[in-house]
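Step one of this worksheet: look at the structure below.
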Amino acid sequence: MRSDLFAWVPWLVGRVAHAPRISLLLVALSTAFLGWFGAERFRMNSDLGALIEQGATWRADFDRFEAEFPMLIDTLMVVVSGTSFQGVEDTARRIENAMTMRSQVFQDVYSPANDPFFRDHALLYLDMDDLERLVDRLAEAQPMLTAVAEDPSLRGVLEVVRDGVENEPVAGFERVLDLLIESAQGVLHGEGGAIRWTDEFFDTEGKSIHRVIFAKGRAEYGEPLPNSTVMAEVREIIRATHVDEGVTVRVGGEIALSHEEIRAAQEGVALAGGVSFVLLAVVLFFGIRSGRMIVAALLLLLVGVVWTTGWAMLSVGEFNTLSLIFLAMFFGIGVDFSIHFNLRYEEALSRGDDNVAALQRAASSVGGAIVLCSTTTALGFLAFVPTEYAGLADLGIISAGGIVIAAALTFVLLPAFFAAFGGPRRLRSVEVPSVDRWVNALVRARLVMLPVLATVSAVAIYIDSKAYFDFSVLALRDPKSESMQTLALLNDEGIVTDYSLTVLTESPGMDETLARVAALDVVKEVRTPIDYLPDDQDAKLSSLDDLAFMLDSALVPLRQAPRPSDAERMDALNDLIDAIAANPTSDESFGPRLRRFESLLTELKARGAGAVRSFELGVLTDLEPELDWLRRAVAVAPLQFDDLPERLRERLESRNGAFLVQVLPATDIARVEQLKTFVERVRDIVPSATGRPVIEWGVGNIVVASFTQALVFAMLAIGMVLVFALRSVRDAVLVMVPLSLTAVFTVATAVLFDAPFNMANILVLPLIFGLGVDNGIHVVERFRREGDVGHLMHSSTPRAVLLSTLTTVGAFAALALSPHRGTASIGELLTIAVAFLLVFTILVLPVLLTLAHKNSEAERLGV
C-alpha cells in the first residue's frame, strides 16, 4: 500500500491526541449543531412515485390517464361486506355520508352502488335468473304487501296472519311467521326487533356482497407518513359508525397500501436500529472486553448517526423510504472502522507504547486501510448516483457521506477519547478460533481445492441464471395486512382495483381490439362504459311489467285505512291469539311456530300498549319504504348511457371525450410472473394500456438497468482505486475474488430459497462490492505487512475481521426483523452475503495470497 498517500493520518491522530479536550469540544459542538440542523430540517419524502425518474412512453400513457381521470388515481377504498343486503347498504351509506362531511380530508367520495339511481334500477341490474326468483318471492308476498299497503299498521299485518290461521295458509306464510317471531323476540329482549324486509326482497343466499366507497385524500408528502391523517380519519369514521351485525368493513386502495408500507418501513428502521445497537454492544463486550473501548465505539455510532442525519438534510434535503435504511445499516458499517482502529491501538499498547504513541502507531498501521476502505465503500454507494433510480441516488449520496463521517470520527473522536480518558485499564487478549491450520491445509491441497471451488462456483453460476426480479411493489408489502387482503378480495370478486389495466378509447362500447383483449386467458373481464348499463333490458322490463300487474293491489291500493289506536292494535292482537287457540294444528311446521308466536303475543300484551307499538315499529319501519321503492323499481324505463348518474359518467367519460375501459386480471397479481404476463399480453394488443401494473412493470425495467449500471460502476471504480492504492493489479484482483464469489453464491442461495430480487433488495449486489471490500483490504494490507500467512492469522486482523463481520451481521439481521418485507429482504440477503464474505475472506483469500506471492508461503509450508 502506498504509505505516502496516507501519511497525514498518523499526523492528524497525533495532533488530536495532543489536544484531546479541544478536539472533543469541537466534536460536541459539531454534534449539537448538526443535531439541531437535522431535527429542524428533517423531512421525509414518502412519495414512492418520486423515487424513479420516468420519461418513457408508458409513463406518458399513464400521465394522460391521470389527466383525463384524476379522481381514479391514488384512491382510498372502503369495502363494506356481508351477507345481508340491507346491512351492507345501510352501513355503506352511513360511512359514505360521514366521509363526505369531512371534505377537508376526503375528496371525490363516491360509492356507485349507494347512488339512488342504482337502487331505483336495482331490479333491472339483477341477473335474469335472480330477477325471476325475486319475482316469485314477491308474488308469494302479494297478500302481505297488499294488506300493508291498504292498512300500513300492525293491525293489517296481524289480519294477514289471522287469515292464514283460519284458512289455508298461502305460500311464504312460514317465512312471514318466522320474521314476526324474531321481531317480537327482539322487542321483548330490548333489541328493537326491526325486520330487514330489504333482505327478503334481495336474498343473497348466504353469499357475501360488497360495496366499495372510493375517495381521494389529502396527502402530506413532507410528513413521515403522508397519509396518516387520511387513514386516521377513516379509521375514526368506521369506529364511530354503527356497523350492522354480520357486516365487515375493510380499508384498501393505493392510499392504504402505501401507508401501511411506509409505516412498516419506518417501524422496521427504528426496530433494526435498536436491535442492532444492542447486538453490537454484546459483540463488542465479548470481542473486546474493554469498557472504555466499547463506550468509545458506541459513542462513535451515536455521534455518527447525528452527523449523518445532518449531512442528509444538508446534501439531499430529505430522507426517502430507501435512504432511511442507511441509518440502521450505519450501526453495522460505522463500527467496522472503530473495531480495526481499537484493536490496533490495543496491540500497540501491548508492545509497551505510551498512550499517544500507541494511537499514532495504530493510525500508521491501519489508517491507510481505513481510508482506502472508506473510499471504496463510498464509491460502492456513489455508484447509485448516476442511475435513473432517484431514490437510490439519494441513498448513495447520504451513505457515502456517512461512510466518510465514520472514517473521520475514527481518526478524531476515538484518539481524543482515549487521550482524554486513557486506554483500557487492563489489556486482555481475547482469542478467536484459529483457522491457521485450515488455511495451511488448503494451501497444501490447492491442486484439489481450486478445481473444487471452480466447479462449485460454476454450478452456482448456473443456478444464478434462474434468478428473476419481482418488479411489483406488492412484493414489498405484508400479504397479511388489511390492505393486501382487501386487494385480494376485490381481485377475486372481479371488482376494479388499482391493479386493473386501463385503456382509453374513443367510443364507449366494445370494438374488435377490445374483443381480442377479452379473449386472452389472462383477462377476467373487459369492462367498457356500456357495460355499466343492464343487459337483457327488454326481457327484464317484460318481467317487471308482469310483476307490476301481479302486485297492482299492493302498489296501487284501493283503500287506505286510518292509523289504528292503541285499543285497536290490542284488539287485533287479541283476535289473533283467539284465532290461534281456536284453530289448533298438528302440522309439524306450523304448529310449533304458531304456539311460539301465541306465547310472544301474550307476553307483549302483558307488557302493555308501549310494547305493542314497539312491535309495530319493528315490523313496519322498513316495509313501508320498501313498498315505495318497489313502486319506483317496477316502473323504470330502458336505460341509455346518458341516463347513468353524472358522477358515474364523469368516471367513465372525460371532459375531452375519452372513454375509460378497464381490463381485469384473471390471474394472481401478487405473483410477479403472472402480473408481468398480464401486462405484456394486454400491451401486445393495446400498447397504450396503462395503470399501476404498467407503471411498476416499467419502473422495474429501469431498476434492473440502474442496478446493472451501478454494479459495473462499483466494480470498475473500486478496482481502479485498489490498483492505485495497492500498486498491484494482482493484489487488487485478489481482493475482488472473495467479493465475486460472495455475489455468485448469494444469488444462488436466494434462488434455492425462492427469494427473488425486488425493488429493495436488489441493492445488495452493488453493496457486496462496496461493503465487502473492506475485509479484503485489511487482510491484504496485513499480509503484506507481516510477510506470511502465519503471522497474519495470529495478528489482530482476523479478530477484527471476525468482530466487524459479526457486528455487520447483527445490523443486517436486525433489518431482517422489519415488518416491511422489502427491508427484511435486504437484511436477509445481506446477512447471507456477509456470512459468505467472511468464509471467502478468511479461508480463501489467504490461500490465494500465498499462492500469488511467488509461492513463498507454500515453500515455507513445505509444499
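In the C-alpha cells, each chain is lettered A, B, ... as it comes, each chain's residues begin at 1, and ligands are numbered from 1 in order of appearance.
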Pick out the residues sitting within 7 Å of Gly206 in chain A, and hand them over as a JSON list (two decimals) with C-alpha atoms, in the first residue's frame; count only C-alpha atoms, and ignore anything fewer than 2 positions along from it in its own chain.
[["chain", "number", "residue", "atom", "x", "y", "z"],
["A", 83, "THR", "CA", -74.47, -11.46, 3.53],
["A", 204, "THR", "CA", -78.11, -13.18, -1.16],
["A", 208, "SER", "CA", -71.18, -12.08, 0.59]]
Considering only helix (DSSP H, G or I) as DSSP defines it on the backbone, what residues of range 265-437 of chain A qualify? List them as a ChimeraX atom specification. /A:265-288,291-315,325-350,355-382,390-421,436-437
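Nearest to Ala572 in chain A of all the residues A:Leu414, A:Ile702, A:Leu617, A:Val161 is A:Val161, counting only C-alpha atoms.
Using only C-alpha atoms, the residues found no farther than 7 Å from Gln560 in chain A, other than those of its own chain fewer than 2 positions away, are A:Glu150, A:Asp151, A:Pro562.
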Selection to disk with C-alpha atoms, as a PDB file, in the first residue's frame:
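So the final result, stored in again.pdb, reads:
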ATOM      1  CA  GLU A 150    -104.145  -0.916   2.474  1.00  0.00           C
ATOM      2  CA  ASP A 151    -103.563  -0.840   6.219  1.00  0.00           C
ATOM      3  CA  PRO A 562    -106.610   5.144   9.063  1.00  0.00           C
TER       4      PRO A 562
END
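Nearest residue to Gly698 in chain A among A:Val779, A:Ala219, A:Ala19, A:Val679 is A:Val679, counting only C-alpha atoms.
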